[in-house]
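These notes are about the structure you will find just below.
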Amino acid sequence: MPKLQGFEFWSRTLRGARHVVAPMVDQSELAWRLLSRRHGAQLCYTPMLHAQVFVRDANYRKENLYCDVCPEDRPLIVQFCANDPDVFVQAALLAQDYCDAIDLNLGCPQMIAKRGHYGAFLQEEWDLLQRMIQLAHEKLSVPVTCKIRVFPEIDKTVRYAQMLEKAGCQLLTVHGRTKEQKGPLSGAASWEHIKAVRKAVAIPVFANGNIRSLQDVERCIQDTGVQGVMSAEGNLHNPALFEGRSPAVWELAEEYLDIVQLHPCPLSCVRAHLFKLWHHTLQVHQQLRDELAKVKTLEAIAAVSHALKLRCQEDMSRQEEGAQPAGDLPFFHWICQPYVRPGPREGSKENSGSRSKRALEEEEGNTDGLSKNKQKKQLRNPHKTFDPSLKPKYAKCDQCGNPKVCVQPVPWLLQETSLQGDSRLPRSRIAF
């Protein structure tokens with residue numbers, strides 16, 4: 001049977017999915033996908049997997065995909081990052097029997113993607129991307145899809161999407177931010193870019209960005225004409241987003257922990273999810289934030305979550321009639337709700353430009369110009385200095401460029417003793 005393409009693939013294989021959980025590194029593991037599916041998600045992606053590691057490491061394949069058959073976890077799209085057509089296809093061939101499509105990540109804007117030369121940092125290399133998609137389209141038994149970020153120019157974004165479609169991409173997810181829009185510089189996603197892409201291609205399009213509620217989902221579909229909407233951060237703070245509900249946090253935290261008992265995952269993933277779910281409550285009960293960071297077993301994490309539940313129920317019992325949530329929150333802190341990422345400090349927007357997150361943190365949190373990491377080091381050692389002029393200078397080796405070392409004789413070996421003739425003893429030591 002020939003593989004389905006385009007809208008036929010979306011309507012039959014993906015069952016016309018409109019509510020989609022994004023690929024999230026260490027956050028869209030099986031247990032979280034199952035929780036999200038219980039609460040309205042119709043399609044999920046795996047976390048971004050590194051194609052080269054997937055090809056060479058059997059344990060990596062087993063940990064991330066080759067697990068027990070789980071019929072509830074379909075339809076499923078496996079996402080890879082890659083920059084080599086052959087490696088991408090080798091990884092995809094190893095994964096295709098466990099999923100419904102293979103996605104190429106062209107949207108990751110993080111520094112690790114820049115160093116590894118993948119994700120959004122491939123978006124200018126159209127010849128390479130065309131070869132990668134074409135080869136995958138020819139060799140795989142399942143469709144190939146792409147997730148992209150936009151260019152500042154709408155017309156270039158449209159041409160980019162059309163190139164990927166022509167190469168064989170069967171579904172396109174468009175994150176309406178540029179690769180520079182991340183962290184405190186994220187800003188709003190451009191639905192205009194997404195709308196323009198949707199009009200220009202003949203394959204299904206998913207939108208990503210600015211999704212905090214079910215109302216946002218419906219408005220995005222109406223405004224852009226896309227087939228579905230993908231959520232990442234909104235889903236992490238409220239897995240019931242696609243149901244249009246904002247339940248008590250402990251309801252979903254307890255359900256997630258029950259699923260983890262059946263489908264174990266790394267403790268770091270569990271902890272990260274609890275930090276997201278309990279984010280607003282942990283601003284109120286900060287001592288339990290430290291506890292959650294320190295505990296080292298699933299049972300201990302569940303105990304902290306239960307303690308947070310009891311604190312919230314106490315807060316509810318003391319709540320006066322007619323009281324309003326603190327700050328700008330739409331609900332009280334014990335209710336699942338969006339997290340609004342803070343932008344650059346007010347008053348510095350005109351100067352922020354494309355400055356790095358590190359530069360912004362240094363400006364906001366430290367009058368001496370030290371990064372947070374250096375501040376922590378200085379707390380541990382008050383005499384530590386980061387002044388480069390005070391660092392010791394070493395002569396460099398002419399051959400390797402590393403600092404020279406001097407070889408000094410060991411004094412006791414220079415003494416006239418009978419031991420000097422023993423070839424088993426060291427003749428010198430290295431002093432750095």
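By convention in this document, the chains of the structure tokens carry letters A, B, ... by their order, each chain's residues are numbered from 1, and ligands are numbered from 1 in the order they are shown.
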Need to verify the contact set: segment 96-111 of chain A, 8 Å, only C-alpha atoms, exclusion of same-chain residues closer than 5 positions in sequence. Can you return it as a ChimeraX atom specification? /A:13-14,48,65-66,74-82,118-123,140-149,175,179-180,182
Preceding selection exported with N, CA and C atoms as a CSV table (one decimal), in the first residue's frame:
chain,number,residue,atom,x,y,z
A,13,THR,N,-4.4,9.1,8.7
A,13,THR,CA,-3.4,8.6,9.7
A,13,THR,C,-3.4,9.4,11.0
A,14,LEU,N,-3.4,10.7,10.9
A,14,LEU,CA,-3.4,11.5,12.0
A,14,LEU,C,-4.9,11.8,12.6
A,48,MET,N,12.7,15.9,20.9
A,48,MET,CA,13.7,15.9,19.8
A,48,MET,C,14.8,14.9,20.1
A,65,LEU,N,12.4,5.3,22.5
A,65,LEU,CA,11.4,4.8,21.5
A,65,LEU,C,11.1,3.3,21.6
A,66,TYR,N,12.1,2.5,21.8
A,66,TYR,CA,11.9,1.1,21.7
A,66,TYR,C,11.4,0.5,23.1
A,74,ARG,N,-0.8,6.7,20.1
A,74,ARG,CA,-0.9,6.9,18.7
A,74,ARG,C,-2.1,7.8,18.4
A,75,PRO,N,-2.0,8.6,17.3
A,75,PRO,CA,-0.8,8.8,16.4
A,75,PRO,C,0.3,9.5,17.1
A,76,LEU,N,1.5,9.1,16.6
A,76,LEU,CA,2.8,9.6,17.2
A,76,LEU,C,3.8,10.0,16.1
A,77,ILE,N,4.4,11.2,16.2
A,77,ILE,CA,5.4,11.6,15.3
A,77,ILE,C,6.8,11.6,16.0
A,78,VAL,N,7.8,11.0,15.4
A,78,VAL,CA,9.1,11.0,16.0
A,78,VAL,C,9.9,12.2,15.4
A,79,GLN,N,10.5,13.0,16.2
A,79,GLN,CA,11.3,14.1,15.7
A,79,GLN,C,12.8,13.9,15.9
A,80,PHE,N,13.5,14.2,14.8
A,80,PHE,CA,15.0,14.2,14.9
A,80,PHE,C,15.6,15.5,14.6
A,81,CYS,N,16.8,15.8,15.2
A,81,CYS,CA,17.6,16.8,14.7
A,81,CYS,C,18.8,16.2,13.9
A,82,ALA,N,19.1,16.8,12.8
A,82,ALA,CA,20.2,16.2,11.9
A,82,ALA,C,20.7,17.2,11.0
A,118,TYR,N,22.3,22.4,13.8
A,118,TYR,CA,21.0,21.8,13.4
A,118,TYR,C,19.9,22.7,13.9
A,119,GLY,N,18.7,22.2,13.8
A,119,GLY,CA,17.5,23.1,14.2
A,119,GLY,C,17.4,24.3,13.3
A,120,ALA,N,17.1,25.4,13.9
A,120,ALA,CA,16.8,26.7,13.2
A,120,ALA,C,18.1,27.2,12.5
A,121,PHE,N,19.3,26.7,12.9
A,121,PHE,CA,20.5,27.2,12.3
A,121,PHE,C,20.8,26.5,11.0
A,122,LEU,N,19.9,25.7,10.5
A,122,LEU,CA,20.0,25.2,9.1
A,122,LEU,C,19.1,26.0,8.1
A,123,GLN,N,18.3,26.9,8.6
A,123,GLN,CA,17.3,27.5,7.8
A,123,GLN,C,17.8,28.3,6.6
A,140,LEU,N,11.6,6.3,3.1
A,140,LEU,CA,10.8,6.0,4.2
A,140,LEU,C,9.4,5.4,3.8
A,141,SER,N,8.9,4.5,4.7
A,141,SER,CA,7.6,4.0,4.5
A,141,SER,C,6.5,4.9,5.1
A,142,VAL,N,6.9,5.9,5.9
A,142,VAL,CA,6.0,6.8,6.5
A,142,VAL,C,6.3,8.2,6.0
A,143,PRO,N,5.4,9.2,6.1
A,143,PRO,CA,5.7,10.5,5.6
A,143,PRO,C,6.7,11.3,6.4
A,144,VAL,N,7.4,12.2,5.8
A,144,VAL,CA,8.3,13.1,6.5
A,144,VAL,C,7.6,14.5,6.6
A,145,THR,N,7.8,15.1,7.8
A,145,THR,CA,7.2,16.4,8.1
A,145,THR,C,8.4,17.3,8.6
A,146,CYS,N,8.1,18.6,8.8
A,146,CYS,CA,9.1,19.5,9.3
A,146,CYS,C,8.4,20.5,10.3
A,147,LYS,N,9.2,20.9,11.2
A,147,LYS,CA,8.9,22.0,12.1
A,147,LYS,C,9.9,23.1,11.9
A,148,ILE,N,9.4,24.3,11.6
A,148,ILE,CA,10.3,25.5,11.3
A,148,ILE,C,10.0,26.7,12.1
A,149,ARG,N,10.9,27.6,12.1
A,149,ARG,CA,10.7,29.0,12.6
A,149,ARG,C,10.6,29.9,11.4
A,175,HIS,N,6.3,27.6,13.7
A,175,HIS,CA,6.4,28.4,14.9
A,175,HIS,C,6.6,29.9,14.5
A,179,LYS,N,14.4,32.7,14.9
A,179,LYS,CA,15.3,32.0,15.8
A,179,LYS,C,16.0,32.9,16.8
A,180,GLU,N,15.9,34.2,16.6
A,180,GLU,CA,16.4,35.2,17.6
A,180,GLU,C,15.4,35.4,18.8
A,182,LYS,N,13.8,34.2,21.6
A,182,LYS,CA,13.9,33.1,22.6
A,182,LYS,C,14.1,33.7,24.0
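The protein and nucleic acid residues lying at most 7 Å from Trp334 of chain A are A:Ala248, A:Val249, A:Thr281, A:Cys312, with only C-alpha atoms considered and sequence neighbours fewer than 5 positions away removed.
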Mind listing the strand (DSSP E or B) residues of segment 193-346 of chain A, per DSSP on the backbone, as a ChimeraX atom specification? /A:205-208,228-231,248,335
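Atom CA of Leu277 of chain A is positioned 17.4 Å from atom CA of Glu299 of chain A.
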Using backbone DSSP assignments, extract all alpha helix (DSSP H) residues from segment 47-265 of chain A; output them as a VMD selection string. chain A and resid 51 to 56 58 to 64 85 to 95 111 to 116 126 to 139 154 to 167 191 to 200 214 to 224 233 to 237 249 to 262
Applying 12 Å and only C-alpha atoms, which residues near Glu255 of chain A remain after dropping the ones on its own chain fewer than 6 positions away? List them as a VMD selection string. chain A and resid 31 to 32 34 to 36 38 to 39 239 to 240 247 to 249 261 to 262 274 277 302 305
Return as CSV the residues of segment 225-304 of chain A lying at most 12 Å from segment 58-63 of chain A, together with the closest atom-to-atom pair for each and the distance in Å to one decimal, counting only C-alpha atoms, with rows in chain order and ascending residue number.
residue,atom,partner,partner_atom,distance
A:His263,CA,A:Glu63,CA,11.4
A:Pro264,CA,A:Glu63,CA,10.3
A:Cys265,CA,A:Glu63,CA,8.6
A:Pro266,CA,A:Glu63,CA,9.6
Taking C-alpha atoms for each residue, export the selection above as a compact mmCIF listing (two decimals), in the first residue's frame.
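The result, stored in again-v5.txt:
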# COMPACT_ATOMS: atom_id res chain seq x y z
CA HIS A 263 5.66 4.02 32.45
CA PRO A 264 8.85 5.05 34.29
CA CYS A 265 11.01 7.88 33.02
CA PRO A 266 14.11 9.71 34.31
Considering only C-alpha atoms, state which residue in the set A:Asp26, A:Pro2, A:Val201, A:Arg159 is at the smallest distance from Leu267 of chain A. A:Asp26
